[in-house]
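Enquirer: Provided herewith: coords-v2.cif, mmCIF, C-alpha atoms.
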data_data
#
loop_
_atom_site.label_atom_id
_atom_site.label_comp_id
_atom_site.auth_asym_id
_atom_site.auth_seq_id
_atom_site.Cartn_x
_atom_site.Cartn_y
_atom_site.Cartn_z
CA MET A 1 128.29 -36.86 39.30
CA SER A 2 128.27 -35.61 35.70
CA CYS A 3 126.35 -38.68 34.55
CA SER A 4 122.88 -39.77 35.60
CA CYS A 5 122.19 -43.20 34.12
CA GLN A 6 118.67 -43.97 35.24
CA GLY A 7 117.57 -46.06 32.28
CA PHE A 8 117.47 -49.84 32.59
CA GLY A 9 116.64 -50.71 29.01
CA LYS A 10 118.86 -52.89 26.85
CA THR A 11 122.01 -51.06 25.88
CA LEU A 12 125.71 -51.53 25.38
CA HIS A 13 127.10 -52.62 28.76
CA TYR A 14 129.89 -50.94 30.64
CA VAL A 15 131.75 -53.29 32.97
CA SER A 16 134.01 -51.62 35.51
CA PRO A 17 137.14 -53.30 36.90
CA ALA A 18 135.28 -53.59 40.22
CA HIS A 19 132.50 -55.70 38.67
CA GLY A 20 132.48 -59.43 39.25
CA GLY A 21 131.26 -62.19 41.50
CA TRP A 22 131.48 -65.86 42.31
CA GLY A 23 131.96 -67.71 39.03
CA VAL A 24 130.10 -70.97 38.43
CA ILE A 25 133.27 -73.03 38.81
CA ARG A 26 133.96 -71.58 42.23
CA ILE A 27 130.37 -72.20 43.34
CA ALA A 28 130.36 -75.78 42.01
CA ALA A 29 133.52 -76.50 43.99
CA LEU A 30 131.44 -76.18 47.17
CA VAL A 31 130.11 -79.70 46.52
CA PRO A 32 132.18 -82.06 48.72
CA GLU A 33 134.33 -84.66 46.94
CA SER A 34 133.43 -83.26 43.54
CA TYR A 35 135.52 -82.75 40.41
CA GLN A 36 134.83 -80.68 37.30
CA LEU A 37 135.40 -81.43 33.64
CA PHE A 38 135.13 -78.30 31.55
CA ILE A 39 134.15 -79.00 27.92
CA SER A 40 134.50 -76.02 25.62
CA PRO A 41 136.51 -74.19 22.98
CA PHE A 42 139.88 -72.86 24.14
CA ALA A 43 138.81 -69.30 24.94
CA CYS A 44 135.95 -70.31 27.27
CA GLY A 45 138.15 -72.85 29.02
CA ARG A 46 140.87 -70.27 29.53
CA HIS A 47 138.38 -68.10 31.42
CA GLY A 48 137.45 -71.01 33.66
CA ALA A 49 141.08 -71.96 34.20
CA LEU A 50 141.91 -68.46 35.39
CA GLY A 51 138.99 -68.63 37.80
CA GLY A 52 140.32 -71.93 39.15
CA VAL A 53 143.78 -70.49 39.68
CA VAL A 54 142.52 -67.31 41.35
CA ASN A 55 140.34 -69.26 43.77
CA GLY A 56 142.77 -72.07 44.57
CA ILE A 57 140.75 -74.94 43.04
CA LYS A 58 142.74 -75.64 39.87
CA ASP A 59 143.54 -79.16 41.14
CA ARG A 60 139.83 -80.03 40.99
CA ILE A 61 139.27 -79.07 37.35
CA SER A 62 140.27 -80.65 34.03
CA TYR A 63 139.55 -79.50 30.50
CA LEU A 64 138.39 -81.06 27.26
CA TYR A 65 139.06 -78.49 24.56
CA ILE A 66 137.08 -78.91 21.37
CA ASP A 67 137.77 -77.30 18.02
CA GLU A 68 135.83 -76.65 14.85
CA SER A 69 136.52 -80.09 13.39
CA ASP A 70 135.02 -81.78 16.49
CA ILE A 71 131.85 -79.74 16.04
CA VAL A 72 131.50 -80.17 12.27
CA SER A 73 132.24 -83.89 12.33
CA GLY A 74 129.59 -84.57 14.98
CA ASN A 75 132.10 -86.27 17.29
CA TYR A 76 131.49 -83.76 20.08
CA GLU A 77 129.29 -85.99 22.27
CA ASP A 78 131.44 -89.07 21.71
CA LEU A 79 134.52 -87.22 22.96
CA ILE A 80 133.03 -86.68 26.42
CA PRO A 81 132.84 -90.36 27.59
CA GLU A 82 136.36 -90.89 26.23
CA ALA A 83 137.59 -87.85 28.17
CA VAL A 84 135.88 -89.06 31.37
CA GLU A 85 137.55 -92.46 31.03
CA GLU A 86 140.96 -90.86 30.54
CA LEU A 87 140.36 -88.49 33.45
CA PHE A 88 139.45 -91.28 35.88
CA GLU A 89 142.48 -93.29 34.81
CA ASN A 90 144.74 -90.39 35.73
CA LEU A 91 143.16 -89.26 38.99
CA ASP A 92 144.55 -90.73 42.21
CA GLN A 93 141.01 -91.18 43.51
CA ARG A 94 137.74 -91.25 41.63
CA PRO A 95 135.45 -88.38 42.76
CA LYS A 96 131.99 -88.96 44.20
CA VAL A 97 130.61 -86.32 41.82
CA LEU A 98 131.70 -85.27 38.34
CA LEU A 99 130.26 -81.98 37.13
CA LEU A 100 130.38 -81.65 33.34
CA PHE A 101 130.56 -77.97 32.45
CA VAL A 102 129.65 -76.92 28.92
CA SER A 103 129.66 -73.45 27.35
CA CYS A 104 127.27 -71.48 25.13
CA LEU A 105 128.25 -73.61 22.15
CA ASP A 106 126.47 -76.56 23.69
CA ASP A 107 123.18 -74.62 23.72
CA LEU A 108 123.46 -74.35 19.94
CA LEU A 109 124.42 -77.99 19.39
CA GLY A 110 121.56 -79.36 21.50
CA THR A 111 123.43 -82.10 23.35
CA ASP A 112 121.18 -84.69 25.01
CA HIS A 113 122.64 -84.43 28.52
CA VAL A 114 120.04 -86.72 30.06
CA GLN A 115 121.14 -89.64 27.90
CA LEU A 116 124.80 -88.69 28.22
CA ASN A 117 124.64 -88.76 32.01
CA LYS A 118 122.72 -92.05 31.98
CA ARG A 119 125.40 -93.56 29.79
CA LEU A 120 128.16 -92.37 32.12
CA ALA A 121 126.27 -93.50 35.23
CA GLN A 122 125.93 -97.01 33.83
CA GLN A 123 129.67 -97.12 33.18
CA TYR A 124 130.59 -95.61 36.57
CA PRO A 125 127.79 -96.42 39.05
CA ASP A 126 129.82 -95.12 42.00
CA VAL A 127 129.90 -91.57 40.58
CA GLU A 128 127.13 -88.97 40.35
CA PHE A 129 127.14 -87.06 37.03
CA ARG A 130 125.57 -83.66 36.50
CA SER A 131 125.65 -81.39 33.45
CA CYS A 132 126.24 -77.72 34.25
CA HIS A 133 126.30 -74.66 32.03
CA MET A 134 128.48 -71.60 31.79
CA ASN A 135 126.39 -69.90 29.11
CA PRO A 136 126.19 -66.10 29.41
CA ILE A 137 123.76 -66.05 26.47
CA SER A 138 121.10 -67.27 28.92
CA LEU A 139 121.51 -64.37 31.36
CA ASP A 140 118.28 -62.69 30.23
CA THR A 141 116.26 -65.92 30.41
CA PRO A 142 114.48 -67.43 33.44
CA PHE A 143 117.31 -69.96 33.81
CA PRO A 144 120.75 -68.31 33.75
CA PRO A 145 123.85 -70.26 34.87
CA GLY A 146 123.61 -69.32 38.56
CA ILE A 147 120.07 -70.66 38.89
CA THR A 148 120.61 -73.89 36.95
CA LEU A 149 123.82 -74.57 38.88
CA GLN A 150 122.08 -74.30 42.25
CA ASN A 151 119.47 -76.75 40.98
CA SER A 152 122.19 -79.16 39.82
CA ILE A 153 123.99 -78.96 43.16
CA TYR A 154 120.95 -79.72 45.31
CA SER A 155 119.65 -82.37 42.91
CA LEU A 156 122.54 -84.44 44.28
CA LEU A 157 120.63 -84.84 47.56
CA LYS A 158 118.75 -88.14 47.85
CA LYS A 159 115.30 -88.33 49.40
CA LYS A 160 115.28 -89.66 52.97
CA THR A 161 112.47 -91.40 54.79
CA GLU A 162 113.70 -90.17 58.16
CA ARG A 163 113.75 -86.51 59.23
CA GLU A 164 115.81 -84.53 61.73
CA GLU A 165 115.08 -81.29 63.48
CA GLY A 166 117.14 -79.16 61.12
CA ILE A 167 117.03 -76.32 58.61
CA ASN A 168 119.20 -75.72 55.54
CA LEU A 169 120.57 -72.35 54.49
CA ILE A 170 120.84 -72.34 50.69
CA GLY A 171 121.80 -69.81 48.03
CA ASN A 172 124.60 -68.14 49.99
CA ASN A 173 128.11 -69.11 48.94
CA VAL A 174 129.72 -67.93 52.18
CA PRO A 175 128.23 -69.31 55.41
CA ILE A 176 126.56 -66.98 57.89
CA ASN A 177 128.79 -66.04 60.80
CA LYS A 178 128.11 -68.31 63.76
CA GLU A 179 127.69 -65.20 65.93
CA CYS A 180 124.35 -64.61 64.21
CA GLU A 181 121.39 -65.03 66.55
CA LEU A 182 119.84 -67.56 64.15
CA PHE A 183 122.16 -70.27 65.48
CA SER A 184 121.47 -69.69 69.17
CA LEU A 185 117.74 -69.40 68.50
CA MET A 186 117.70 -72.69 66.62
CA GLU A 187 119.81 -74.36 69.31
CA SER A 188 117.32 -73.18 71.93
CA VAL A 189 114.57 -75.21 70.23
CA ASN A 190 116.88 -78.18 69.46
CA TYR A 191 117.19 -77.49 65.75
CA LYS A 192 120.40 -77.83 63.74
CA VAL A 193 121.44 -75.36 61.03
CA HIS A 194 123.13 -76.76 57.91
CA HIS A 195 125.06 -75.12 55.08
CA ILE A 196 126.89 -76.86 52.23
CA THR A 197 130.26 -75.64 53.56
CA ASP A 198 129.69 -77.59 56.80
CA PHE A 199 130.48 -80.90 55.09
CA ASP A 200 133.80 -82.42 54.06
CA SER A 201 132.38 -85.57 52.48
CA PHE A 202 129.62 -86.21 49.99
CA ASP A 203 127.94 -88.67 52.36
CA GLU A 204 127.83 -86.04 55.12
CA PHE A 205 126.37 -83.55 52.60
CA GLN A 206 123.37 -85.89 52.30
CA THR A 207 122.41 -84.79 55.83
CA MET A 208 120.75 -81.76 54.24
CA ALA A 209 118.15 -84.07 52.67
CA MET A 210 116.84 -84.88 56.16
CA SER A 211 116.07 -81.27 57.16
CA ARG A 212 112.52 -79.97 57.60
CA LEU A 213 112.99 -76.59 55.96
CA ASN A 214 115.11 -74.79 53.38
CA VAL A 215 115.75 -71.14 54.24
CA VAL A 216 116.49 -69.52 50.87
CA LEU A 217 118.93 -66.64 51.29
CA SER A 218 119.36 -65.71 47.63
CA PRO A 219 117.06 -65.63 44.59
CA VAL A 220 119.51 -67.85 42.70
CA ALA A 221 118.35 -70.78 44.86
CA GLU A 222 114.61 -70.06 44.62
CA TYR A 223 114.14 -72.48 41.70
CA ALA A 224 116.20 -75.18 43.42
CA SER A 225 114.10 -74.78 46.57
CA ARG A 226 110.90 -75.28 44.56
CA THR A 227 112.37 -78.42 43.02
CA MET A 228 113.33 -79.72 46.48
CA VAL A 229 109.74 -79.32 47.66
CA ASP A 230 108.73 -81.82 44.98
CA THR A 231 111.70 -84.21 45.05
CA LEU A 232 112.69 -84.19 48.74
CA GLU A 233 109.47 -82.92 50.34
CA ILE A 234 111.40 -80.18 52.14
CA ASN A 235 109.37 -77.03 52.69
CA ARG A 236 110.90 -73.63 51.96
CA LEU A 237 111.02 -70.10 53.33
CA LEU A 238 112.30 -67.21 51.21
CA ALA A 239 114.51 -65.00 53.37
CA TYR A 240 116.72 -62.87 51.16
CA HIS A 241 119.26 -60.83 53.09
CA THR A 242 117.80 -57.65 54.55
CA TYR A 243 118.81 -54.95 57.03
CA ASP A 244 115.26 -53.76 57.63
CA LEU A 245 114.35 -54.53 61.25
CA LYS A 246 110.67 -55.00 60.38
CA GLU A 247 111.51 -57.54 57.68
CA ILE A 248 113.87 -59.42 60.01
CA CYS A 249 111.17 -59.63 62.70
CA GLY A 250 108.77 -60.87 60.02
CA PHE A 251 111.20 -63.59 59.00
CA TYR A 252 111.54 -64.93 62.53
CA GLU A 253 107.76 -64.85 63.03
CA GLU A 254 107.30 -66.92 59.88
CA LEU A 255 110.15 -69.26 60.81
CA ALA A 256 108.59 -69.87 64.23
CA PHE A 257 105.22 -70.53 62.60
CA MET A 258 106.59 -73.00 60.04
CA LEU A 259 108.67 -74.91 62.59
CA GLU A 260 105.96 -74.64 65.26
CA VAL A 261 108.45 -73.44 67.87
CA PRO A 262 108.64 -70.31 70.07
CA LEU A 263 111.31 -67.77 69.08
CA ASP A 264 111.87 -64.67 71.21
CA VAL A 265 113.97 -62.14 69.28
CA SER A 266 113.29 -59.05 71.41
CA ARG A 267 116.79 -58.94 72.90
CA PHE A 268 118.48 -59.22 69.51
CA ALA A 269 116.22 -56.57 68.00
CA GLN A 270 117.06 -54.17 70.80
CA GLU A 271 120.80 -54.77 70.34
CA ALA A 272 120.44 -53.93 66.65
CA LYS A 273 118.58 -50.71 67.47
CA VAL A 274 121.37 -49.64 69.84
CA ALA A 275 123.99 -50.37 67.15
CA ILE A 276 122.03 -48.22 64.69
CA GLU A 277 121.86 -45.31 67.14
CA VAL A 278 125.61 -45.49 67.81
CA ALA A 279 126.45 -45.57 64.09
CA ARG A 280 124.07 -42.71 63.26
CA GLU A 281 125.65 -40.53 65.95
CA LYS A 282 129.19 -41.22 64.74
CA ILE A 283 128.52 -40.98 60.99
CA GLY A 284 126.18 -38.00 61.16
CA ASN A 285 125.13 -36.58 57.79
CA ARG A 286 127.87 -38.30 55.81
CA SER A 287 126.61 -39.15 52.30
CA ILE A 288 126.21 -42.90 51.77
CA ALA A 289 126.35 -44.77 48.45
CA ILE A 290 125.08 -48.34 48.06
CA ASP A 291 126.25 -50.91 45.53
CA TYR A 292 124.15 -53.82 44.24
CA GLN A 293 127.18 -56.10 44.41
CA GLY A 294 127.64 -55.29 48.07
CA VAL A 295 124.06 -56.20 49.01
CA ARG A 296 121.36 -58.09 47.12
CA LYS A 297 118.61 -55.62 48.01
CA PRO A 298 120.23 -52.17 47.63
CA PHE A 299 116.94 -50.23 47.50
CA THR A 300 115.60 -51.98 50.58
CA LEU A 301 118.82 -51.13 52.40
CA ALA A 302 118.62 -47.51 51.22
CA ARG A 303 115.04 -47.19 52.49
CA ALA A 304 115.97 -48.76 55.84
CA LEU A 305 119.00 -46.50 56.33
CA ILE A 306 116.94 -43.41 55.53
CA GLU A 307 114.32 -44.52 58.06
CA TYR A 308 117.13 -44.97 60.60
CA GLY A 309 118.22 -41.37 60.01
CA PHE A 310 121.20 -41.81 57.66
CA SER A 311 121.82 -39.72 54.56
CA VAL A 312 121.69 -41.99 51.50
CA LYS A 313 122.54 -40.14 48.28
CA LEU A 314 123.35 -42.82 45.69
CA VAL A 315 122.28 -46.34 44.73
CA MET A 316 124.00 -48.26 41.94
CA THR A 317 122.39 -51.35 40.47
CA ASP A 318 122.23 -53.37 37.26
CA ASP A 319 118.46 -53.93 37.29
CA ILE A 320 115.30 -53.54 39.35
CA LYS A 321 114.72 -56.93 40.94
CA PRO A 322 111.13 -57.98 41.78
CA PHE A 323 111.99 -58.51 45.45
CA ASP A 324 113.50 -54.99 45.64
CA LYS A 325 110.98 -53.16 43.44
CA GLU A 326 108.70 -51.90 46.21
CA ALA A 327 111.60 -50.14 47.92
CA TYR A 328 112.77 -48.75 44.57
CA GLU A 329 109.36 -47.22 43.89
CA TYR A 330 109.25 -45.84 47.43
CA LEU A 331 112.55 -44.03 46.89
CA LEU A 332 111.44 -42.64 43.53
CA LYS A 333 108.30 -41.22 45.09
CA ASN A 334 109.54 -40.01 48.47
CA HIS A 335 113.30 -39.41 48.22
CA LYS A 336 114.22 -37.76 44.95
CA GLU A 337 117.52 -36.69 46.51
CA VAL A 338 118.72 -40.28 46.08
CA GLU A 339 120.44 -40.66 42.72
CA ILE A 340 119.92 -44.03 41.02
CA LEU A 341 122.53 -45.18 38.54
CA ASN A 342 122.55 -48.14 36.19
CA ALA A 343 125.97 -49.61 36.89
CA LEU A 344 126.09 -51.30 33.47
CA HIS A 345 124.94 -48.33 31.38
CA HIS A 346 127.53 -47.32 28.78
CA ASP A 347 127.51 -43.71 30.04
CA MET A 348 129.10 -44.92 33.28
CA ALA A 349 132.37 -44.88 31.38
CA LYS A 350 132.07 -41.07 31.19
CA THR A 351 131.93 -40.37 34.92
CA GLU A 352 134.58 -37.73 35.35
CA ASP A 353 133.36 -35.54 38.23
CA ARG A 354 133.76 -38.03 41.02
CA ASN A 355 132.71 -37.51 44.63
CA SER A 356 135.40 -38.90 46.90
CA ASP A 357 133.43 -37.95 50.02
CA PHE A 358 130.95 -40.80 49.73
CA LEU A 359 130.90 -43.55 52.33
CA CYS A 360 130.38 -46.55 50.02
CA ILE A 361 128.76 -49.88 50.84
CA GLY A 362 130.42 -52.09 48.23
CA PHE A 363 133.44 -51.29 46.12
CA ASN A 364 131.78 -51.10 42.68
CA CYS A 365 130.26 -47.74 43.60
CA ALA A 366 133.56 -46.79 45.24
CA TYR A 367 135.30 -47.23 41.91
CA ALA A 368 132.63 -45.21 40.09
CA THR A 369 132.69 -42.31 42.53
CA GLY A 370 136.36 -42.33 43.49
CA ALA A 371 135.40 -42.65 47.15
CA LYS A 372 138.12 -43.57 49.60
CA ASN A 373 136.08 -44.99 52.49
CA VAL A 374 134.52 -48.33 51.64
CA VAL A 375 132.55 -50.99 53.49
CA ASN A 376 134.19 -54.11 52.06
CA ILE A 377 131.17 -56.34 51.55
CA ILE A 378 130.14 -58.64 48.69
CA GLU A 379 126.64 -60.09 48.34
CA ASP A 380 125.95 -59.75 52.08
CA GLU A 381 128.59 -62.41 52.76
CA SER A 382 128.41 -63.85 56.30
CA LEU A 383 125.75 -61.31 57.38
CA PHE A 384 122.16 -62.12 58.31
CA GLY A 385 119.39 -61.06 60.65
CA PHE A 386 119.91 -58.70 63.57
CA TYR A 387 123.56 -59.74 63.67
CA GLY A 388 123.88 -58.52 60.08
CA VAL A 389 122.48 -55.12 61.02
CA LYS A 390 124.87 -54.77 63.96
CA LYS A 391 127.85 -55.85 61.88
CA LEU A 392 126.96 -53.48 59.04
CA MET A 393 126.76 -50.59 61.51
CA GLU A 394 130.21 -51.49 62.83
CA MET A 395 131.59 -51.66 59.29
CA LEU A 396 130.13 -48.24 58.47
CA ILE A 397 131.83 -46.74 61.52
CA GLU A 398 135.14 -48.46 60.82
CA ALA A 399 135.21 -47.93 57.04
CA ASN A 400 138.74 -46.87 56.16
CA GLU A 401 140.55 -45.88 53.01
CA VAL A 402 141.21 -48.98 50.93
CA ASP A 403 143.30 -49.93 47.94
CA LEU A 404 140.56 -51.00 45.51
CA LYS A 405 142.95 -53.06 43.42
CA GLU A 406 144.00 -55.10 46.44
CA VAL A 407 140.41 -55.50 47.63
CA ILE A 408 139.21 -56.72 44.23
CA GLU A 409 142.07 -59.18 43.87
CA GLY A 410 141.52 -60.45 47.41
CA ALA A 411 137.84 -61.06 46.72
CA GLY A 412 138.68 -63.54 43.97
CA LEU A 413 136.03 -62.07 41.67
CA VAL A 414 135.66 -63.39 38.14
CA ILE A 415 133.76 -61.38 35.51
#
In structure tokens, how does this file's structure come out?

Expert:
Amino acid sequence: MSCSCQGFGKTLHYVSPAHGGWGVIRIAALVPESYQLFISPFACGRHGALGGVVNGIKDRISYLYIDESDIVSGNYEDLIPEAVEELFENLDQRPKVLLLFVSCLDDLLGTDHVQLNKRLAQQYPDVEFRSCHMNPISLDTPFPPGITLQNSIYSLLKKKTEREEGINLIGNNVPINKECELFSLMESVNYKVHHITDFDSFDEFQTMAMSRLNVVLSPVAEYASRTMVDTLEINRLLAYHTYDLKEICGFYEELAFMLEVPLDVSRFAQEAKVAIEVAREKIGNRSIAIDYQGVRKPFTLARALIEYGFSVKLVMTDDIKPFDKEAYEYLLKNHKEVEILNALHHDMAKTEDRNSDFLCIGFNCAYATGAKNVVNIIEDESLFGFYGVKKLMEMLIEANEVDLKEVIEGAGLVI
């Protein structure tokens, strides 16, 4: 590569066409029997509308567009209850949940959402109201949109006096594949595994409030899990996606301890080791590039693959996350052959000498390098545990030439 963007300080951002992710509207639509009212100026609403169309949920979103006169006159807050009334009059069926999405403008106006939601709840006691934010200006704060949205979603759960032998998987938008050993292990000790996508109705969704443990698969749900300890008295276990066999064994040891059940993972660990050996033999010394949008812990994956005998040459990321920092520092100290690029650095726009020989995990780095062979994975979707390791090895072996444009469109990503 002609460009080596190793700085992670504040700078003008470059955003490649392969950059994107699950937008807040798409994530919010996971709530069963919910509807969304987007309240914003025209431009912000247009962005959300496109996201709704791309992801097939446009029939669950309506828009209240506000203009300068609404803001200056002070009528902004009064327009919302009127819009809700009109919306409910025109819907065939009133939703169980109405999510009120506001944009960055609302941060500046200082709307009292607590009182607004109380007012709406008194008028419509059969509907749950939650205020949600699509405010990119908060991205460098402790509470960006993804984190506050997860908290809003799980605040809909009502505390239960009874408990069931169950665990919740939270923070992952796509459910873990049922072939993962986690499900058979939990079944062996008579525990159920719940994910928000398991439920078609809002009442069924409340089942998650009866579980004994939240397994947090993504840092975006860490704050929500802490809140649920206080409000629902559900304990939590942080288990961000990893492909490091030692970390996976550690997770199951901690899970067994917290649930006070025996979990024997030796067979699954051995199957993962065999899959690694097969992939290493077939891939050989092929140079591997890893993308932070493909996996949440790119440096941890890089370290694990190097330990397994693979040749990792490039890691692309937007930042050094606390839960990935140890692996990052390990690579800096022990494997200087691994190039580390800031995917959002403005110099990324200058990458001209591309290396099409890379085997890329994630298509953001495939776009940057011009690589043809890509492991089509986004945010570890559907992968977890020893099953995740085995599946990743299969995907590395089977990585074929892809049409990046088609892949990106098929992923439904929204910048």

Enquirer: List the neighbours of Thr207 (chain A) out to 10 Å using all atoms listed in the file; skip same-chain residues closer than 4 positions along the sequence, and give me the result as an NGL selection string.

Expert: :A and (157-158 or 160 or 163-164 or 166 or 168 or 194 or 196 or 199 or 202-203 or 211)

Enquirer: Pick from A:Val193, A:Ala304, A:Leu341, A:Leu182: nearest to Phe386 (chain A), with all atoms listed in the file counted?

Expert: A:Leu182

Enquirer: On this structure, which residues satisfy the PyMOL selection byres ((chain A and resi 95-99) around 7), written as a PyMOL selection string?

Expert: chain A and resi 33-37+93-94+100-101+126-132+202

Enquirer: Quick one: apply the PyMOL selection byres ((chain A and resi 143) around 12) to the file and drop the selected residues here as a list in words.

Expert: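 For this structure, the PyMOL selection byres ((chain A and resi 143) around 12) resolves to Cys132, His133, Met134, Asn135, Pro136, Ile137, Ser138, Leu139, Asp140, Thr141, Pro142, Pro144, Pro145, Gly146, Ile147, Thr148, Leu149, Gln150, Asn151, Pro219, Val220, Ala221, Glu222, Tyr223 and Ala224 of chain A.
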
Enquirer: Would you kindly return, as a PyMOL selection string, each protein, DNA or RNA residue with an atom no farther than 9 Å from any atom of region 255-266 of chain A, considering all atoms listed in the file and excluding same-chain residues fewer than 2 positions away?

Expert: chain A and resi 181+185-186+188-189+212-213+215+235+237+249-253+268-271+386

Enquirer: Could you tell me which of A:Ala28, A:Ile397, A:Leu314, A:Ala366 comes closest to Glu277 (chain A) if we count all atoms listed in the file?

Expert: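 Counting all atoms listed in the file, the residue closest to Glu277 (chain A) is A:Ile397.
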
Enquirer: Enumerate, as a PyMOL selection string, the residues matched when the PyMOL selection byres ((chain A and resi 83-87) around 12) is run on the file above.

Expert: chain A and resi 35-39+60-66+76-82+88-95+98-100+116-117+119-121+123-124+127+129

Enquirer: Between A:Glu179, A:Glu233, A:Glu162, A:Asp291, single out the one closest to Met210 (chain A), counting all atoms listed in the file.

Expert: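 For Met210 (chain A), the nearest of the candidates is A:Glu162.
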
Enquirer: Just how far from CA of Asn364 (chain A) is CA of Ile340 (chain A), in Å to one decimal?

Expert: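 Between these atoms lies a distance of 13.9 Å.
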
Enquirer: So that I can check the surroundings of region 172-174 of chain A, please list as a ChimeraX atom specification every protein, DNA and RNA residue that reaches within 9 Å of it, counting only C-alpha atoms and ignoring chain neighbours fewer than 3 positions away.

Expert: /A:22,27,30,169,177,195-197,216-218,220-221,379-382

Enquirer: Which value, in Å to one decimal, gives the distance between CA of Glu247 (chain A) and CA of Thr300 (chain A)?

Expert: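 Those two atoms sit 9.9 Å apart.
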
Enquirer: Work out how far apart CA of Phe205 (chain A) and CA of Leu156 (chain A) are and give it in Å to one decimal.

Expert: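 Computing it gives 9.2 Å between the two atoms.
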
Enquirer: For region 228-232 of chain A, what centre and edge lengths in Å (one decimal) does the axis-aligned box get once 3 Å is added on each side of all its listed atoms, as JSON?

Expert:
{"center_x": 111.0, "center_y": -81.8, "center_z": 46.9, "size_x": 10.6, "size_y": 10.9, "size_z": 9.8}
